[in-house]
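Source file: target-v4.cif. Holds: mmCIF, C-alpha atoms.
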```
data_protein
loop_
_atom_site.label_atom_id
_atom_site.label_comp_id
_atom_site.auth_asym_id
_atom_site.auth_seq_id
_atom_site.Cartn_x
_atom_site.Cartn_y
_atom_site.Cartn_z
CA MET L 253 0.00 0.00 0.00
CA PRO L 254 1.60 3.35 -1.01
CA THR L 255 2.57 5.71 1.78
CA GLN L 256 0.66 9.00 1.80
CA GLN L 257 3.00 11.92 1.23
CA PRO L 258 2.75 14.91 3.60
CA GLU L 259 1.10 17.94 2.06
CA PRO L 260 3.60 20.65 1.05
CA ARG L 261 3.25 23.99 2.85
CA LEU L 262 3.15 27.40 1.24
CA THR L 263 5.29 30.15 2.81
CA VAL L 264 3.18 33.28 3.37
CA ASP L 265 2.67 36.02 5.95
CA LEU L 266 -1.04 36.44 6.68
CA PRO L 267 -2.55 38.56 9.49
CA VAL L 268 -4.77 36.51 11.81
CA ARG L 269 -6.44 36.86 15.19
CA ILE L 270 -6.21 34.05 17.74
CA TRP L 271 -7.97 33.61 21.09
CA GLY L 272 -8.62 31.03 23.78
CA LEU L 273 -7.18 30.02 27.15
CA ASN L 274 -3.44 30.09 27.82
CA SER L 275 -1.46 27.47 29.75
CA ASP L 276 -2.55 29.14 33.03
CA GLY L 277 -6.22 28.92 32.08
CA ARG L 278 -6.52 32.65 31.46
CA PRO L 279 -8.32 34.02 28.39
CA PHE L 280 -6.30 35.76 25.68
CA SER L 281 -7.04 37.42 22.36
CA GLN L 282 -4.37 38.88 20.06
CA SER L 283 -3.18 39.52 16.53
CA ALA L 284 -0.56 37.15 15.07
CA ARG L 285 0.80 35.98 11.71
CA ALA L 286 0.03 32.74 9.84
CA GLN L 287 3.02 31.29 8.00
CA ASN L 288 3.78 28.04 6.14
CA ILE L 289 0.10 27.36 5.53
CA SER L 290 -1.57 24.25 4.15
CA SER L 291 -5.19 23.18 3.82
CA GLU L 292 -4.85 21.46 7.22
CA GLY L 293 -3.05 24.02 9.37
CA ALA L 294 -0.29 26.60 9.70
CA LEU L 295 2.64 27.91 11.65
CA ILE L 296 1.44 30.83 13.82
CA ALA L 297 4.15 33.37 14.67
CA GLY L 298 4.16 36.16 17.26
CA VAL L 299 2.10 34.31 19.87
CA GLU L 300 2.27 36.27 23.14
CA SER L 301 0.62 33.70 25.41
CA GLU L 302 2.05 30.40 26.59
CA LEU L 303 0.15 27.53 24.95
CA LYS L 304 0.23 23.78 25.47
CA VAL L 305 0.17 20.98 22.93
CA GLY L 306 -3.42 19.76 22.71
CA ASP L 307 -4.99 23.15 23.42
CA VAL L 308 -7.83 24.16 21.11
CA ILE L 309 -7.84 27.84 20.15
CA GLY L 310 -9.94 30.08 17.92
CA LEU L 311 -8.44 31.61 14.79
CA GLN L 312 -9.84 34.26 12.44
CA PHE L 313 -8.54 35.16 8.99
CA ASP L 314 -10.49 37.84 7.14
CA GLU L 315 -14.10 37.06 8.09
CA LYS L 316 -13.56 33.32 8.54
CA LYS L 317 -13.36 31.83 12.04
CA VAL L 318 -12.16 28.30 12.79
CA ARG L 319 -11.04 26.16 15.71
CA CYS L 320 -7.50 24.75 15.71
CA ALA L 321 -5.60 22.25 17.84
CA VAL L 322 -2.08 23.17 18.94
CA ILE L 323 0.30 20.41 17.81
CA TRP L 324 3.65 21.99 18.77
CA VAL L 325 4.96 25.12 20.49
CA VAL L 326 8.40 26.77 20.34
CA ASN L 327 9.51 29.58 22.66
CA THR L 328 11.35 31.98 20.35
CA GLY L 329 12.42 34.56 22.92
CA PRO L 330 11.15 37.97 24.04
CA VAL L 331 11.57 39.66 20.64
CA LYS L 332 9.72 37.20 18.39
CA LYS L 333 7.59 35.68 21.19
CA ASN L 334 6.29 32.14 20.56
CA GLN L 335 5.54 30.08 17.50
CA ALA L 336 2.87 27.39 17.40
CA GLY L 337 1.93 24.75 14.88
CA VAL L 338 -1.84 24.40 14.61
CA LYS L 339 -4.10 21.93 12.84
CA LEU L 340 -7.70 22.63 11.90
CA VAL L 341 -10.20 20.74 14.01
CA ALA L 342 -12.19 18.18 12.00
CA ALA L 343 -15.00 19.56 9.79
CA GLN L 344 -13.54 23.10 9.85
CA GLU L 345 -13.29 24.79 6.44
CA CYS L 346 -9.80 26.02 5.57
CA PRO L 347 -9.90 29.83 6.07
CA TRP L 348 -7.10 30.60 3.59
CA LYS L 349 -7.89 28.14 0.83
CA GLU L 350 -8.03 30.96 -1.76
CA HIS L 351 -4.31 31.53 -1.07
CA LEU L 352 -3.50 27.91 -1.92
CA PRO L 353 -2.81 26.85 -5.51
CA LEU L 354 -5.94 24.81 -6.12
CA ASP L 355 -9.61 25.09 -5.20
CA GLY L 356 -10.32 23.24 -1.99
CA GLY L 357 -6.92 24.06 -0.55
CA THR L 358 -5.03 20.96 -1.67
CA ILE L 359 -1.54 21.63 -2.98
CA THR L 360 -0.46 19.28 -5.76
CA ILE L 361 3.10 19.56 -7.05
CA SER L 362 4.35 17.37 -9.86
CA ASP L 363 7.51 15.29 -9.43
CA ALA L 364 9.08 17.31 -12.25
CA ASN L 365 8.65 20.65 -10.44
CA ARG L 366 8.68 20.18 -6.69
CA ARG L 367 11.05 23.01 -5.79
CA ARG L 368 9.83 26.59 -5.94
CA PHE L 369 13.37 27.71 -5.12
CA TYR L 370 16.37 26.01 -6.70
CA ARG L 371 19.34 25.61 -4.39
CA HIS L 372 22.71 26.89 -5.54
CA LYS L 373 25.97 25.50 -4.20
CA ILE L 374 27.65 28.86 -3.78
CA SER L 375 29.24 30.58 -0.81
CA LEU L 376 27.12 33.37 0.70
CA PRO L 377 28.56 35.37 3.65
CA LEU L 378 26.02 35.67 6.47
CA GLU L 379 25.82 37.05 9.95
CA ILE L 380 23.49 34.96 12.11
CA ARG L 381 22.39 35.88 15.60
CA ASP L 382 20.63 33.55 18.02
CA GLU L 383 17.69 35.49 19.52
CA ARG L 384 18.36 33.91 22.94
CA VAL L 385 22.01 34.94 23.31
CA ASN L 386 22.24 37.83 20.82
CA ALA L 387 25.83 36.86 19.90
CA PRO L 388 26.58 37.31 16.18
CA LEU L 389 28.29 34.58 14.19
CA ARG L 390 29.81 35.32 10.78
CA ILE L 391 29.73 32.31 8.50
CA ASN L 392 29.51 31.33 4.84
CA ALA L 393 26.31 29.56 3.88
CA THR L 394 26.20 26.87 1.23
CA ASP L 395 23.34 25.31 -0.73
CA VAL L 396 21.45 28.64 -0.91
CA SER L 397 17.99 29.42 -2.29
CA GLY L 398 15.46 32.21 -1.92
CA ASN L 399 13.79 30.17 0.80
CA GLY L 400 16.80 29.32 2.97
CA CYS L 401 20.29 27.93 3.14
CA TYR L 402 22.58 25.42 4.81
CA VAL L 403 25.34 26.48 7.23
CA GLU L 404 28.15 24.15 8.20
CA SER L 405 29.00 23.94 11.90
CA MET L 406 30.65 21.45 14.24
CA GLN L 407 28.16 22.54 16.91
CA PRO L 408 24.85 23.05 15.10
CA LEU L 409 21.90 24.76 16.75
CA PRO L 410 18.79 22.87 17.87
CA VAL L 411 15.80 22.59 15.54
CA GLY L 412 13.37 25.44 16.20
CA THR L 413 16.04 28.01 17.13
CA VAL L 414 15.01 31.47 15.90
CA LEU L 415 17.73 33.53 14.26
CA ARG L 416 18.27 37.02 12.91
CA VAL L 417 20.13 36.78 9.61
CA ASP L 418 21.98 39.65 7.88
CA PHE L 419 23.49 39.47 4.40
CA TRP L 420 23.95 41.49 1.23
CA LEU L 421 21.92 40.74 -1.88
CA ASP L 422 23.94 42.56 -4.51
CA SER L 423 23.72 46.17 -3.17
CA GLU L 424 20.70 45.46 -0.92
CA HIS L 425 21.26 44.84 2.80
CA VAL L 426 18.81 42.12 3.84
CA LYS L 427 17.83 41.57 7.47
CA VAL L 428 15.36 38.76 8.15
CA THR L 429 14.26 36.33 10.80
CA ALA L 430 14.89 32.64 10.21
CA VAL L 431 14.27 29.31 11.90
CA VAL L 432 16.53 26.25 12.15
CA ARG L 433 14.64 23.45 10.41
CA THR L 434 17.23 20.64 10.38
CA CYS L 435 20.15 19.72 12.64
CA ASP L 436 22.93 17.36 11.54
CA PRO L 437 25.24 16.77 14.54
CA GLY L 438 28.82 17.68 13.75
CA VAL L 439 27.82 18.88 10.26
CA GLY L 440 25.46 21.86 10.27
CA ASN L 441 21.95 23.31 10.06
CA GLY L 442 19.29 23.81 7.44
CA ILE L 443 17.77 27.29 7.87
CA GLU L 444 14.48 28.68 6.51
CA PHE L 445 14.06 32.43 5.94
CA THR L 446 10.64 32.69 7.63
CA GLY L 447 10.66 36.47 7.94
CA MET L 448 11.57 37.26 4.33
CA PRO L 449 8.78 38.82 2.21
CA SER L 450 7.84 36.87 -0.90
CA ASP L 451 9.05 39.63 -3.25
CA THR L 452 12.49 39.62 -1.58
CA LYS L 453 12.62 35.82 -1.89
CA ALA L 454 11.86 36.15 -5.59
CA ARG L 455 14.57 38.81 -6.05
CA MET L 456 17.07 36.67 -4.19
CA GLN L 457 16.24 33.62 -6.30
CA THR L 458 16.62 35.68 -9.49
CA PHE L 459 19.99 36.95 -8.24
CA LEU L 460 21.17 33.39 -7.43
CA ASN L 461 19.96 32.04 -10.77
CA ALA L 462 21.88 34.82 -12.56
CA ILE L 463 25.22 34.16 -10.86
CA ASP L 464 24.86 30.37 -11.04
CA PRO L 465 22.67 29.78 -14.12
CA GLN L 466 23.51 26.10 -14.61
CA MET L 467 21.87 25.16 -11.31
CA GLY L 468 18.67 26.90 -12.35
CA ILE L 469 18.09 24.32 -15.08
CA SER L 470 19.13 21.23 -13.14
CA LYS L 471 16.63 18.65 -11.99
CA PRO L 472 14.62 20.12 -9.07
CA GLN L 473 14.45 18.37 -5.73
CA GLU L 474 11.98 18.64 -2.88
CA GLU L 475 12.58 21.54 -0.47
#
```

Go ahead and render the structure in this file as C-alpha cells.
Amino acid sequence: MPTQQPEPRLTVDLPVRIWGLNSDGRPFSQSARAQNISSEGALIAGVESELKVGDVIGLQFDEKKVRCAVIWVVNTGPVKKNQAGVKLVAAQECPWKEHLPLDGGTITISDANRRRFYRHKISLPLEIRDERVNAPLRINATDVSGNGCYVESMQPLPVGTVLRVDFWLDSEHVKVTAVVRTCDPGVGNGIEFTGMPSDTKARMQTFLNAIDPQMGISKPQEE
C-alpha cells in the first residue's frame, strides 16, 4: 500500500487573530501571523501567550473563524515571542484556501517541479544571531535558495532556534528572521528564511539564478 505523502506547505505572511485560554487557564485574544500554511493548518508566529500541545484555540482570517488544535509550540524569545503549529479541528473549512494553488486548498506539485526555489551550491557570507544569546556569528552559507540555506557547523543549533540573519543581496542589505529546520550533529543546520517577504525571496532567487545559471536548469528536488 503506497505511503501517503505529507502535504507541502506554502510560505506566506497572513494577518490573523487568535484567542482562547493560555497554559494558566486565562483568556487571551491577540493579533498574530500565519506562515507556512496548508489546507490542514499553519505555523502561527508572534504568539504572546504560553500555549500547550493539545490546546484548542480560535483563529480568524479575514471574516472566517475556525477552531484549531495546537500540535507543537516553540519559545522563540522575548523579541519574536512564541511560534505554534496548529491543525484545523475536523470539519472546519480552511480559512485561507483561496491563497492555496488549487480550489479546496489541496496543494499538488508534480515530481518534475517540486522546488519553488532552486538551491545553488555557492558561498554566501552571512551574519546569524541567536535570539536567545544575541551573539553574532559570521559564517559562509552553502546550498542557498530564496527560501533558505545550509550552514556548516561542528556545533549546530537545535531545531526550532530562531535567528536574525543579515546578508547582502547585490547592493541590498537584507535583514530577516529565520528558523533552524534541520540539525545534523557535527555537520550543520538547514535554515528557513521565515521572515523574508515573498518579493524579496523572488529577487534573491533571481539573483542566485543569474550568478549560477547552470543550477537553475538542473533537476529540481523537494525543499

To one decimal place, how far is atom CA of Gly398 of chain L from atom CA of Ala454 of chain L in Å?
-> 6.5 Å

Have a look at atom CA of Phe459 of chain L and atom CA of Glu404 of chain L and let me know their distance in Å, one decimal.
-> 22.4 Å

Which residue out of L:Ile443, L:Cys435, L:Ala284, L:Leu460 has the minimum interatomic distance to Ser375 of chain L when only C-alpha atoms are used?
-> L:Leu460

Tell me which protein, DNA and RNA residues are within 12 Å of segment 305-316 of chain L, counting all atoms listed in the file, leaving out same-chain ones fewer than 3 positions away, and put them as a ChimeraX atom specification.
-> /L:265-277,279-286,293-294,296,299,301-302,319-326,335-342,344-351

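Coordinates place atom CA of Lys333 of chain L at a distance of 14.6 Å from atom CA of Val385 of chain L.
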
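What the PyMOL selection byres ((chain L and resi 414) around 8) picks from this file is Thr328, Asp382, Glu383, Gly412, Thr413, Leu415, Arg416, Thr429, Ala430, Val431 and Val432 of chain L.
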
Write out as lines of an AutoDock Vina configuration file an axis-aligned box for segment 398-415 of chain L: all of its atoms listed in the file, 5 Å added on each side, centre and edge lengths in Å with one decimal.
```
center_x = 22.0
center_y = 27.5
center_z = 8.0
size_x = 27.3
size_y = 22.1
size_z = 29.8
```

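Between Pro437 of chain L and the residues L:Met406, L:Val417, L:Val318, L:Met456, the shortest atom-to-atom distance, using all atoms listed in the file, involves L:Met406.
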
Among the residues L:Asn327, L:Ser290, L:Thr452, L:Ser405, the one that comes closest to Ala393 of chain L [using all atoms listed in the file] = L:Ser405

All residues 12 Å or closer to Arg455 of chain L, all atoms listed in the file, same chain fewer than 3 positions away omitted, as number ranges by chain | L: 369, 397-399, 421-422, 424, 426, 448-452, 458-462

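Checking L:Lys453, L:Asp418, L:Val403, L:Pro410 one by one against Gly440 of chain L, counting all atoms listed in the file, you find the shortest gap at L:Val403.
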
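Comparing L:Thr394, L:Arg371, L:Gly298, L:Leu352 by their smallest distance to Asn441 of chain L, the closest is L:Thr394 (using all atoms listed in the file).
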